[in-house]
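Enquirer: Supplied structure: data11.cif, mmCIF, C-alpha atoms.
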data_final
#
loop_
_atom_site.label_atom_id
_atom_site.label_comp_id
_atom_site.auth_asym_id
_atom_site.auth_seq_id
_atom_site.Cartn_x
_atom_site.Cartn_y
_atom_site.Cartn_z
CA MET A 1 -12.83 9.34 23.99
CA SER A 2 -9.74 9.02 26.18
CA LEU A 3 -6.30 9.23 24.64
CA LYS A 4 -5.60 5.63 25.62
CA LEU A 5 -8.71 4.34 23.87
CA LEU A 6 -7.88 6.47 20.83
CA ALA A 7 -4.36 4.99 20.65
CA LEU A 8 -5.71 1.45 21.00
CA LEU A 9 -8.31 2.14 18.31
CA ILE A 10 -5.58 3.38 15.92
CA LEU A 11 -3.46 0.33 16.72
CA THR A 12 -6.45 -1.89 15.92
CA LEU A 13 -7.26 -0.07 12.66
CA VAL A 14 -3.65 -0.44 11.50
CA PHE A 15 -3.74 -4.13 12.41
CA VAL A 16 -6.96 -4.66 10.43
CA TYR A 17 -5.48 -2.82 7.44
CA ASN A 18 -2.33 -4.97 7.47
CA LEU A 19 -4.41 -8.11 7.94
CA SER A 20 -6.42 -7.15 4.85
CA LEU A 21 -3.19 -6.85 2.86
CA SER A 22 -2.14 -10.31 4.04
CA LEU A 23 -5.43 -11.74 2.86
CA LEU A 24 -4.93 -10.06 -0.52
CA LYS A 25 -1.52 -11.73 -0.74
CA ARG A 26 -3.09 -15.14 -0.11
CA ARG A 27 -5.52 -14.59 -2.98
CA SER A 28 -2.65 -14.06 -5.43
CA ALA A 29 -2.29 -17.83 -5.82
CA THR A 30 -5.73 -17.96 -7.46
CA ARG A 31 -4.95 -15.29 -10.08
CA PRO A 32 -3.98 -16.30 -13.63
CA VAL A 33 -0.27 -15.92 -14.45
CA PRO A 34 0.41 -13.44 -17.31
CA ALA A 35 1.55 -15.08 -20.56
CA ASN A 36 4.97 -13.36 -20.67
CA VAL A 37 6.04 -14.89 -17.34
CA GLN A 38 4.46 -18.33 -17.56
CA ASP A 39 7.89 -19.84 -18.27
CA VAL A 40 9.32 -18.70 -14.93
CA TYR A 41 7.95 -21.76 -13.13
CA ASP A 42 7.24 -25.18 -14.58
CA PRO A 43 3.93 -26.74 -13.40
CA GLU A 44 5.58 -28.66 -10.57
CA THR A 45 7.53 -25.63 -9.33
CA TYR A 46 4.45 -23.41 -9.61
CA GLN A 47 2.52 -25.80 -7.39
CA LYS A 48 5.45 -25.71 -4.97
CA TRP A 49 5.29 -21.89 -5.06
CA CYS A 50 1.56 -22.00 -4.25
CA THR A 51 2.10 -24.08 -1.12
CA TYR A 52 5.15 -22.03 -0.10
CA HIS A 53 3.22 -18.80 -0.63
CA ASP A 54 0.30 -20.11 1.43
CA GLU A 55 2.47 -21.27 4.31
CA LYS A 56 4.38 -17.98 4.41
CA ASN A 57 1.19 -15.94 4.44
CA ARG A 58 -0.50 -18.04 7.11
CA LEU A 59 2.55 -17.63 9.32
CA ASP A 60 2.61 -13.89 8.57
CA ILE A 61 -1.02 -13.58 9.67
CA VAL A 62 -0.45 -15.52 12.90
CA SER A 63 2.70 -13.48 13.61
CA SER A 64 0.82 -10.22 12.98
CA VAL A 65 -1.94 -11.24 15.38
CA ALA A 66 0.63 -12.09 18.05
CA SER A 67 2.46 -8.79 17.53
CA TYR A 68 -0.80 -6.86 17.76
CA LEU A 69 -1.87 -8.63 20.97
CA ILE A 70 1.53 -8.03 22.59
CA GLU A 71 1.51 -4.29 21.82
CA LEU A 72 -2.17 -4.00 22.78
CA SER A 73 -1.47 -5.67 26.14
CA LEU A 74 1.54 -3.45 26.86
CA LEU A 75 -0.41 -0.26 26.16
CA TRP A 76 -3.64 -1.34 27.86
CA SER A 77 -1.92 -2.49 31.08
CA ASN A 78 0.41 0.53 31.42
CA ALA A 79 3.27 -1.97 31.46
CA TYR A 80 5.75 0.56 30.09
CA ALA A 81 5.14 2.94 32.99
CA TRP A 82 5.35 0.11 35.53
CA PHE A 83 8.65 -1.16 34.12
CA ALA A 84 10.11 2.36 33.98
CA SER A 85 9.25 2.83 37.66
CA LEU A 86 11.75 0.08 38.50
CA PHE A 87 14.64 2.13 37.07
CA PRO A 88 16.52 5.18 38.46
CA ALA A 89 14.81 8.55 38.07
CA SER A 90 17.01 10.07 35.33
CA PRO A 91 15.26 10.71 31.98
CA PHE A 92 17.81 8.54 30.16
CA MET A 93 17.28 5.54 32.45
CA LYS A 94 13.49 5.90 32.19
CA MET A 95 13.83 5.98 28.42
CA LEU A 96 16.14 2.96 28.49
CA ALA A 97 13.59 1.03 30.55
CA VAL A 98 10.78 1.55 28.02
CA LEU A 99 12.92 0.73 24.99
CA LEU A 100 14.38 -2.32 26.75
CA LEU A 101 10.90 -3.65 27.59
CA SER A 102 9.80 -3.12 23.99
CA ALA A 103 12.88 -4.97 22.69
CA LEU A 104 12.42 -7.82 25.17
CA CYS A 105 8.77 -8.24 24.20
CA ASN A 106 9.78 -8.36 20.55
CA LEU A 107 11.75 -11.47 21.46
CA LEU A 108 8.38 -13.19 21.90
CA LEU A 109 8.09 -13.05 18.12
CA VAL A 110 11.40 -14.86 17.54
CA PRO A 111 9.70 -18.30 17.49
CA PHE A 112 7.80 -17.17 14.39
CA THR A 113 11.06 -16.10 12.76
CA TYR A 114 12.62 -19.42 13.74
CA TYR A 115 9.73 -21.38 12.23
CA ASP A 116 9.90 -19.28 9.07
CA THR A 117 13.66 -19.76 8.64
CA MET A 118 14.29 -23.22 10.01
CA HIS A 119 11.08 -24.88 8.85
CA ILE A 120 9.42 -23.14 5.88
CA GLU A 121 12.56 -21.77 4.19
CA ASP A 122 14.38 -25.01 4.96
CA LYS A 123 11.50 -27.15 3.68
CA TYR A 124 11.56 -25.43 0.29
CA GLY A 125 15.35 -25.47 -0.03
CA PHE A 126 16.11 -21.78 0.59
CA ASN A 127 17.65 -21.88 4.05
CA ARG A 128 21.33 -22.68 4.48
CA SER A 129 21.88 -21.31 7.97
CA GLY A 130 22.23 -23.61 10.93
CA LYS A 131 20.80 -23.09 14.38
CA ALA A 132 24.02 -21.50 15.66
CA THR A 133 23.98 -18.91 12.86
CA PHE A 134 20.28 -18.21 13.38
CA TRP A 135 20.62 -17.55 17.12
CA ALA A 136 23.79 -15.52 16.67
CA ASP A 137 21.89 -13.33 14.17
CA GLN A 138 19.03 -12.86 16.64
CA VAL A 139 21.42 -11.68 19.36
CA LYS A 140 23.14 -9.26 16.97
CA GLU A 141 19.80 -7.90 15.70
CA PHE A 142 18.53 -7.42 19.26
CA LEU A 143 21.63 -5.49 20.34
CA ILE A 144 21.86 -3.37 17.18
CA GLY A 145 18.12 -2.61 17.23
CA LEU A 146 18.19 -1.57 20.89
CA LEU A 147 21.28 0.58 20.31
CA LEU A 148 19.69 2.37 17.33
CA MET A 149 16.50 3.08 19.30
CA LEU A 150 18.58 4.43 22.19
CA ILE A 151 20.44 6.71 19.79
CA ILE A 152 17.19 8.00 18.27
CA GLY A 153 15.65 8.46 21.73
CA SER A 154 18.73 10.31 22.95
CA VAL A 155 18.59 12.61 19.91
CA LEU A 156 14.92 13.31 20.61
CA MET A 157 15.61 14.01 24.29
CA ALA A 158 18.61 16.28 23.58
CA VAL A 159 16.84 18.28 20.88
CA HIS A 160 13.65 18.69 22.92
CA GLN A 161 15.43 19.69 26.11
CA ALA A 162 17.63 22.16 24.23
CA LEU A 163 15.05 23.70 21.89
CA GLY A 164 11.61 22.91 23.30
CA ASP A 165 8.91 23.87 20.79
CA TRP A 166 11.60 24.81 18.26
CA MET A 167 12.64 21.18 17.93
CA LEU A 168 10.68 20.42 14.73
CA LEU A 169 13.18 21.23 12.00
CA ALA A 170 16.21 20.34 14.10
CA PHE A 171 14.88 16.86 14.86
CA ALA A 172 14.05 16.23 11.20
CA ILE A 173 17.53 17.33 10.10
CA VAL A 174 19.34 15.31 12.78
CA MET A 175 17.26 12.20 12.03
CA THR A 176 17.93 12.55 8.30
CA LEU A 177 21.66 12.87 8.96
CA LEU A 178 21.44 9.81 11.22
CA ALA A 179 19.69 7.84 8.46
CA LEU A 180 22.36 8.92 5.98
CA GLY A 181 25.04 7.97 8.48
CA ILE A 182 23.56 4.50 8.85
CA SER A 183 23.50 4.15 5.05
CA PHE A 184 27.14 5.24 4.93
CA LEU A 185 28.04 2.75 7.66
CA TYR A 186 25.97 -0.06 6.15
CA PRO A 187 29.02 -1.76 4.60
CA VAL A 188 30.61 -1.81 8.06
CA LEU A 189 27.44 -2.99 9.83
CA SER A 190 26.88 -5.73 7.24
CA ARG A 191 30.22 -7.24 8.23
CA VAL A 192 28.63 -8.15 11.56
CA PHE A 193 26.51 -10.71 9.68
CA ASN A 194 28.49 -11.62 6.56
CA ARG A 195 31.96 -12.03 5.10
CA PHE A 196 33.11 -10.30 1.92
CA LYS A 197 35.88 -11.04 -0.55
CA PRO A 198 37.02 -9.15 -3.67
CA LEU A 199 35.62 -10.31 -7.00
CA GLU A 200 38.30 -12.25 -8.83
CA ASP A 201 39.94 -10.63 -11.85
CA GLY A 202 38.35 -11.67 -15.09
CA GLU A 203 35.77 -10.78 -17.72
CA LEU A 204 32.97 -10.04 -15.25
CA LYS A 205 35.02 -7.59 -13.18
CA THR A 206 36.41 -5.91 -16.31
CA ARG A 207 33.00 -5.47 -17.92
CA ILE A 208 31.26 -4.16 -14.80
CA THR A 209 34.08 -1.68 -14.19
CA ALA A 210 34.05 -0.52 -17.81
CA LEU A 211 30.26 -0.15 -17.84
CA LEU A 212 30.23 2.06 -14.76
CA GLU A 213 33.32 4.11 -15.63
CA LYS A 214 31.86 4.75 -19.10
CA ASN A 215 29.03 6.56 -17.34
CA GLY A 216 31.23 8.51 -14.93
CA TYR A 217 31.31 6.22 -11.90
CA HIS A 218 34.48 5.30 -10.06
CA VAL A 219 34.34 1.81 -8.63
CA ARG A 220 35.86 1.66 -5.14
CA ALA A 221 35.61 -2.12 -5.00
CA ILE A 222 33.60 -5.07 -6.30
CA LYS A 223 32.97 -7.58 -3.54
CA VAL A 224 31.20 -10.91 -3.24
CA MET A 225 29.13 -11.54 -0.10
CA ASP A 226 28.70 -15.04 1.32
CA ALA A 227 24.88 -14.93 1.20
CA SER A 228 24.88 -18.70 0.57
CA ARG A 229 25.65 -19.20 4.28
CA ARG A 230 22.00 -18.35 4.94
CA THR A 231 19.97 -18.61 1.75
CA THR A 232 19.85 -19.72 -1.87
CA LYS A 233 18.15 -16.44 -2.89
CA SER A 234 20.04 -13.82 -4.91
CA ASN A 235 20.56 -10.08 -4.84
CA ALA A 236 23.07 -7.31 -5.52
CA TYR A 237 23.45 -3.71 -4.44
CA PHE A 238 25.55 -0.54 -4.52
CA SER A 239 26.83 1.16 -1.41
CA GLY A 240 28.50 4.51 -1.02
CA PHE A 241 27.59 8.10 -1.88
CA GLY A 242 27.97 10.15 -5.02
CA LYS A 243 30.05 8.75 -7.86
CA MET A 244 32.24 6.60 -5.59
CA LYS A 245 30.61 3.17 -5.36
CA THR A 246 31.27 -0.19 -3.79
CA ILE A 247 29.49 -3.02 -5.59
CA VAL A 248 28.31 -6.04 -3.62
CA LEU A 249 27.26 -9.27 -5.34
CA TYR A 250 25.64 -12.17 -3.53
CA ASP A 251 27.71 -15.27 -4.24
CA THR A 252 24.44 -16.96 -5.20
CA LEU A 253 24.04 -14.36 -7.96
CA VAL A 254 27.54 -14.91 -9.32
CA GLU A 255 27.02 -18.68 -9.33
CA SER A 256 23.59 -18.63 -11.03
CA MET A 257 23.93 -15.94 -13.74
CA ASP A 258 26.15 -15.49 -16.76
CA THR A 259 28.27 -12.40 -17.38
CA ASP A 260 25.71 -10.68 -19.63
CA GLU A 261 22.95 -11.13 -17.03
CA ILE A 262 25.03 -9.73 -14.18
CA CYS A 263 26.08 -6.76 -16.32
CA ALA A 264 22.40 -6.19 -17.16
CA VAL A 265 21.57 -6.06 -13.45
CA PHE A 266 24.27 -3.45 -12.91
CA ALA A 267 23.25 -1.44 -15.94
CA HIS A 268 19.88 -1.23 -14.21
CA GLU A 269 21.48 -0.16 -10.90
CA MET A 270 23.57 2.39 -12.76
CA GLY A 271 20.33 3.79 -14.20
CA HIS A 272 19.21 4.58 -10.67
CA GLY A 273 22.41 6.55 -10.16
CA LEU A 274 22.14 8.44 -13.43
CA HIS A 275 18.58 9.51 -12.58
CA ARG A 276 19.60 10.47 -9.02
CA ASP A 277 17.04 8.10 -7.54
CA THR A 278 19.05 7.79 -4.33
CA LEU A 279 18.92 11.57 -3.86
CA LYS A 280 15.18 11.54 -4.47
CA ASN A 281 14.78 8.81 -1.87
CA GLN A 282 16.80 10.92 0.55
CA LEU A 283 14.43 13.85 -0.02
CA LEU A 284 11.48 11.55 0.64
CA SER A 285 13.26 10.36 3.77
CA PHE A 286 13.64 13.97 4.91
CA LEU A 287 9.92 14.51 4.34
CA GLN A 288 9.15 11.43 6.40
CA MET A 289 11.47 12.60 9.16
CA GLY A 290 9.70 15.97 9.08
CA VAL A 291 6.37 14.23 9.65
CA LEU A 292 7.90 12.24 12.51
CA GLY A 293 9.23 15.50 13.93
CA VAL A 294 5.76 17.05 13.89
CA LEU A 295 4.27 13.99 15.58
CA ALA A 296 7.03 13.94 18.20
CA TRP A 297 6.52 17.66 18.84
CA LEU A 298 2.76 17.21 19.30
CA THR A 299 3.28 14.22 21.57
CA LEU A 300 5.85 15.91 23.80
CA ARG A 301 3.65 19.01 24.16
CA SER A 302 0.87 16.94 25.76
CA ASP A 303 1.41 15.64 29.28
CA ALA A 304 -1.94 13.85 28.90
CA CYS A 305 -0.37 11.51 26.29
CA PHE A 306 1.90 10.12 28.99
CA GLN A 307 -0.51 10.32 31.92
CA ALA A 308 -3.05 8.22 30.00
CA PHE A 309 -0.56 5.34 30.07
CA GLY A 310 0.52 5.64 33.69
CA PHE A 311 3.49 8.02 33.42
CA SER A 312 3.82 10.99 35.76
CA GLU A 313 6.13 12.87 33.37
CA ILE A 314 7.52 12.81 29.83
CA ASN A 315 9.24 9.58 28.82
CA TYR A 316 11.19 9.91 25.60
CA GLY A 317 11.26 6.18 24.95
CA PHE A 318 7.49 5.95 25.22
CA ALA A 319 7.15 9.01 22.99
CA LEU A 320 9.06 7.09 20.30
CA ILE A 321 6.76 4.09 20.68
CA LEU A 322 3.65 6.27 20.40
CA VAL A 323 5.01 8.11 17.37
CA MET A 324 6.29 5.07 15.45
CA SER A 325 3.87 2.31 16.46
CA VAL A 326 0.66 4.31 16.73
CA GLU A 327 0.68 7.81 15.25
CA PHE A 328 2.87 7.41 12.16
CA SER A 329 1.49 3.94 11.42
CA LEU A 330 -1.89 5.57 10.82
CA ILE A 331 -0.59 7.78 8.01
CA ALA A 332 2.17 5.44 6.78
CA PRO A 333 -0.07 3.81 4.12
CA LEU A 334 -0.67 7.21 2.50
CA PHE A 335 3.02 8.03 2.58
CA GLY A 336 3.84 4.55 1.25
CA LEU A 337 1.32 4.95 -1.59
CA PHE A 338 3.19 8.04 -2.81
CA ALA A 339 6.69 6.69 -2.18
CA ASN A 340 5.97 3.37 -3.90
CA TRP A 341 4.50 5.12 -6.94
CA ILE A 342 7.71 7.13 -7.30
CA SER A 343 9.81 4.00 -6.77
CA ARG A 344 7.96 2.02 -9.45
CA ARG A 345 8.53 4.82 -11.96
CA ALA A 346 12.23 4.80 -11.03
CA GLU A 347 12.43 1.05 -11.69
CA TYR A 348 11.04 1.51 -15.20
CA ARG A 349 13.65 4.23 -15.87
CA ALA A 350 16.47 2.03 -14.58
CA ASP A 351 15.32 -0.88 -16.75
CA ALA A 352 15.28 1.52 -19.72
CA GLN A 353 18.94 2.39 -19.04
CA ALA A 354 19.87 -1.29 -19.26
CA VAL A 355 18.00 -1.52 -22.57
CA ARG A 356 19.89 1.48 -23.95
CA GLU A 357 23.17 -0.16 -22.88
CA GLY A 358 22.23 -3.15 -25.05
CA TYR A 359 21.15 -5.51 -22.28
CA ALA A 360 17.40 -5.92 -22.96
CA GLU A 361 17.39 -9.69 -23.46
CA PRO A 362 19.95 -10.45 -20.69
CA LEU A 363 17.95 -8.24 -18.29
CA ILE A 364 14.75 -10.16 -19.00
CA ARG A 365 16.59 -13.44 -18.41
CA ALA A 366 18.12 -12.07 -15.20
CA LEU A 367 14.76 -10.82 -13.88
CA LYS A 368 13.17 -14.19 -14.55
CA LYS A 369 16.03 -15.97 -12.79
CA LEU A 370 15.75 -13.66 -9.79
CA ALA A 371 11.98 -14.22 -9.66
CA ARG A 372 12.50 -17.99 -9.82
CA GLN A 373 15.25 -18.03 -7.19
CA ASN A 374 13.38 -15.70 -4.83
CA PHE A 375 10.05 -17.45 -5.38
CA SER A 376 8.35 -14.21 -6.42
CA ASP A 377 4.61 -13.73 -6.83
CA LEU A 378 3.96 -13.53 -10.58
CA ALA A 379 0.35 -12.32 -10.37
CA PRO A 380 -0.18 -10.13 -7.30
CA SER A 381 -3.40 -8.20 -6.87
CA PRO A 382 -3.25 -4.79 -8.63
CA VAL A 383 -4.54 -3.23 -5.40
CA LEU A 384 -1.66 -4.80 -3.48
CA VAL A 385 0.84 -3.57 -6.08
CA ARG A 386 -0.42 0.02 -5.76
CA LEU A 387 -0.40 -0.04 -1.97
CA GLU A 388 2.74 -2.01 -1.15
CA TYR A 389 5.00 -2.73 -4.11
CA SER A 390 8.09 -0.59 -4.61
CA HIS A 391 8.72 -2.42 -7.92
CA PRO A 392 6.39 -3.08 -10.84
CA THR A 393 5.41 -6.72 -11.29
CA LEU A 394 7.74 -8.92 -13.33
CA SER A 395 5.18 -9.06 -16.14
CA GLN A 396 4.89 -5.26 -16.27
CA ARG A 397 8.67 -4.81 -16.33
CA ILE A 398 9.18 -7.34 -19.12
CA GLN A 399 6.42 -5.74 -21.21
CA ALA A 400 8.00 -2.28 -20.78
CA ILE A 401 11.47 -3.63 -21.66
CA GLU A 402 10.17 -5.34 -24.81
CA ASP A 403 8.22 -2.24 -25.88
CA LEU A 404 11.30 0.00 -25.49
CA PHE A 405 13.55 -2.53 -27.23
CA SER A 406 11.17 -2.58 -30.21
CA LYS A 407 11.10 1.22 -30.26
CA VAL A 408 14.91 1.57 -30.05
CA THR A 409 15.79 -1.16 -32.56
CA GLY A 410 12.72 -1.18 -34.78
CA LYS A 411 12.47 -4.95 -34.20
CA PRO A 412 9.19 -6.54 -33.02
#
Will you turn the file into structure tokens for me?
Expert:
Amino acid sequence: MSLKLLALLILTLVFVYNLSLSLLKRRSATRPVPANVQDVYDPETYQKWCTYHDEKNRLDIVSSVASYLIELSLLWSNAYAWFASLFPASPFMKMLAVLLLSALCNLLLVPFTYYDTMHIEDKYGFNRSGKATFWADQVKEFLIGLLLMLIIGSVLMAVHQALGDWMLLAFAIVMTLLALGISFLYPVLSRVFNRFKPLEDGELKTRITALLEKNGYHVRAIKVMDASRRTTKSNAYFSGFGKMKTIVLYDTLVESMDTDEICAVFAHEMGHGLHRDTLKNQLLSFLQMGVLGVLAWLTLRSDACFQAFGFSEINYGFALILVMSVEFSLIAPLFGLFANWISRRAEYRADAQAVREGYAEPLIRALKKLARQNFSDLAPSPVLVRLEYSHPTLSQRIQAIEDLFSKVTGKP
């Protein structure tokens, strides 16, 4: 079998696998809702969730088919090599050509994103962004995505040209540092899309600060993000490394939850810090980058990989596409199975921290509110949970919280 046919076969297998997951998601609407989460949706809202869930999944399937056909056509027709031939002969310009074509073709999927945001999300009351905001976001995402791919491609080219077959470890280390750098810069990058303001002085700010400082964390700032410009859905997160943290609250979260519930959410997030879950994720990230380094090394050692798709020499942009879209995608489900299992265990530990801080009941209320606001699936397939979910289901989390609360307090 030729290398081109092998790559197309892998692309097709990955597509079929992802399509199977989408079909599993659609079947969730037919599963009975566990008793401990039946109060999340009233009957009318649950029916609304069923139709929302079905529309989202049908669109996801159609979008996946379109994405697969676009990538299949590009690889089958040697379009990357043809487009690169139109650019100057330097390795950087050839790489730029391939990554630019890939980014431009991804724009063909924007209509699906538009329909999702401006029709489905709007229809069910979640979307608050106008057309101007939507298109501005698309331009920003296109430019940032292309820039990041150019940076990664340039790192790959520099490391390979400098070290040759010794590039494996160096590429993994540089990519891990790049990923950490992006995480460090995330608060800056997020300002491209949103505005932030300090949380006003008051009980909420005092209690969050006291909770974190009690456990050895110094709070750099507590900020509120204007998520309501785009959505009614809620979230919150930490940013920063080590014990120095910036806390970001969606304004939708502040508006929809009471002080106890928000503190419960941050007791949970603090649990992640106390158990060094971020560090563990960074180690997993390094492992993933090591695998990508091996795949990149194998790809760059084979001229046939490039010749099969119409190139006369190595193209670092096309090497990235082969590694990320074809080679790594084949083993990504196995890696995800392991990473998600670790992540689900971490979520249980973080919930347990909130229970020990005295926030069992507020955390359950907060989780139910988040599920309701985000229109979460209350009864996903167990197979889907094992393969794709980084968090336990809401029902599983509530059961674990109640069991620990009973054990700690001796109350049923």
Enquirer: Just so the selection is clear, what residues does the PyMOL selection byres ((chain A and resi 268) around 12) cover here, as an mmCIF file with C-alpha atoms, keeping the file's coordinate frame?
Expert:
data_model
loop_
_atom_site.group_PDB
_atom_site.id
_atom_site.type_symbol
_atom_site.label_atom_id
_atom_site.label_comp_id
_atom_site.auth_asym_id
_atom_site.auth_seq_id
_atom_site.Cartn_x
_atom_site.Cartn_y
_atom_site.Cartn_z
ATOM 1 C CA ILE A 208 31.260 -4.160 -14.800
ATOM 2 C CA LEU A 211 30.260 -0.150 -17.840
ATOM 3 C CA LEU A 212 30.230 2.060 -14.760
ATOM 4 C CA ALA A 236 23.070 -7.310 -5.520
ATOM 5 C CA TYR A 237 23.450 -3.710 -4.440
ATOM 6 C CA PHE A 238 25.550 -0.540 -4.520
ATOM 7 C CA GLU A 261 22.950 -11.130 -17.030
ATOM 8 C CA ILE A 262 25.030 -9.730 -14.180
ATOM 9 C CA CYS A 263 26.080 -6.760 -16.320
ATOM 10 C CA ALA A 264 22.400 -6.190 -17.160
ATOM 11 C CA VAL A 265 21.570 -6.060 -13.450
ATOM 12 C CA PHE A 266 24.270 -3.450 -12.910
ATOM 13 C CA ALA A 267 23.250 -1.440 -15.940
ATOM 14 C CA GLU A 269 21.480 -0.160 -10.900
ATOM 15 C CA MET A 270 23.570 2.390 -12.760
ATOM 16 C CA GLY A 271 20.330 3.790 -14.200
ATOM 17 C CA HIS A 272 19.210 4.580 -10.670
ATOM 18 C CA GLY A 273 22.410 6.550 -10.160
ATOM 19 C CA LEU A 274 22.140 8.440 -13.430
ATOM 20 C CA HIS A 275 18.580 9.510 -12.580
ATOM 21 C CA ASP A 277 17.040 8.100 -7.540
ATOM 22 C CA ALA A 346 12.230 4.800 -11.030
ATOM 23 C CA GLU A 347 12.430 1.050 -11.690
ATOM 24 C CA TYR A 348 11.040 1.510 -15.200
ATOM 25 C CA ARG A 349 13.650 4.230 -15.870
ATOM 26 C CA ALA A 350 16.470 2.030 -14.580
ATOM 27 C CA ASP A 351 15.320 -0.880 -16.750
ATOM 28 C CA ALA A 352 15.280 1.520 -19.720
ATOM 29 C CA GLN A 353 18.940 2.390 -19.040
ATOM 30 C CA ALA A 354 19.870 -1.290 -19.260
ATOM 31 C CA VAL A 355 18.000 -1.520 -22.570
ATOM 32 C CA ARG A 356 19.890 1.480 -23.950
ATOM 33 C CA GLU A 357 23.170 -0.160 -22.880
ATOM 34 C CA GLY A 358 22.230 -3.150 -25.050
ATOM 35 C CA TYR A 359 21.150 -5.510 -22.280
ATOM 36 C CA ALA A 360 17.400 -5.920 -22.960
ATOM 37 C CA PRO A 362 19.950 -10.450 -20.690
ATOM 38 C CA LEU A 363 17.950 -8.240 -18.290
ATOM 39 C CA ILE A 364 14.750 -10.160 -19.000
ATOM 40 C CA ALA A 366 18.120 -12.070 -15.200
ATOM 41 C CA LEU A 367 14.760 -10.820 -13.880
ATOM 42 C CA ARG A 397 8.670 -4.810 -16.330
ATOM 43 C CA ILE A 401 11.470 -3.630 -21.660
#
Enquirer: When distances are computed from all atoms listed in the file, which of A:Leu11, A:Arg128, A:Val174, A:Leu284 shows the smallest separation from Glu327 in chain A?
Expert: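 Result for the nearest residue to Glu327 in chain A: A:Leu11.
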Enquirer: Fewer than 2 positions away in the same chain doesn't count, so skip those; otherwise give me all residues within 9 Å of range 116-120 of chain A, counting all atoms listed in the file, as a PyMOL selection string.
Expert: chain A and resi 52+55-56+59+111-114+122-131+134
Enquirer: Which residues fall under the PyMOL selection byres ((chain A and resi 295) around 10) in this file, as a PyMOL selection string?
Expert: chain A and resi 168+289-294+296-301+319-320+322-324+327-328
Enquirer: Keeping only C-alpha atoms, write the selected residues as a short mmCIF file (atom, residue, chain, number, x, y, z; two decimals), keeping the file's coordinate frame.
Expert:
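Once written, selection-v6.cif looks like this:
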data_model
loop_
_atom_site.label_atom_id
_atom_site.label_comp_id
_atom_site.auth_asym_id
_atom_site.auth_seq_id
_atom_site.Cartn_x
_atom_site.Cartn_y
_atom_site.Cartn_z
CA LEU A 168 10.68 20.42 14.73
CA MET A 289 11.47 12.60 9.16
CA GLY A 290 9.70 15.97 9.08
CA VAL A 291 6.37 14.23 9.65
CA LEU A 292 7.90 12.24 12.51
CA GLY A 293 9.23 15.50 13.93
CA VAL A 294 5.76 17.05 13.89
CA ALA A 296 7.03 13.94 18.20
CA TRP A 297 6.52 17.66 18.84
CA LEU A 298 2.76 17.21 19.30
CA THR A 299 3.28 14.22 21.57
CA LEU A 300 5.85 15.91 23.80
CA ARG A 301 3.65 19.01 24.16
CA ALA A 319 7.15 9.01 22.99
CA LEU A 320 9.06 7.09 20.30
CA LEU A 322 3.65 6.27 20.40
CA VAL A 323 5.01 8.11 17.37
CA MET A 324 6.29 5.07 15.45
CA GLU A 327 0.68 7.81 15.25
CA PHE A 328 2.87 7.41 12.16
#
Enquirer: To one decimal place in Å, what is the distance between CA of Leu199 in chain A and CA of Tyr217 in chain A?
Expert: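 So the answer is 17.8 Å.
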Enquirer: Of the candidates A:Ala29, A:Ile314, A:Leu253, A:Val326, which one gets nearest to Gln47 in chain A if we count only C-alpha atoms?
Expert: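 When distances to Gln47 in chain A are compared using only C-alpha atoms, the smallest one comes from A:Ala29.
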Enquirer: Please determine, counting only C-alpha atoms, which residue among A:Phe142, A:Phe306, A:Tyr17, A:Phe286 has the shortest atom-to-atom distance to Leu3 in chain A.
Expert: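 Selected residue with least distance to Leu3 in chain A: A:Phe306.
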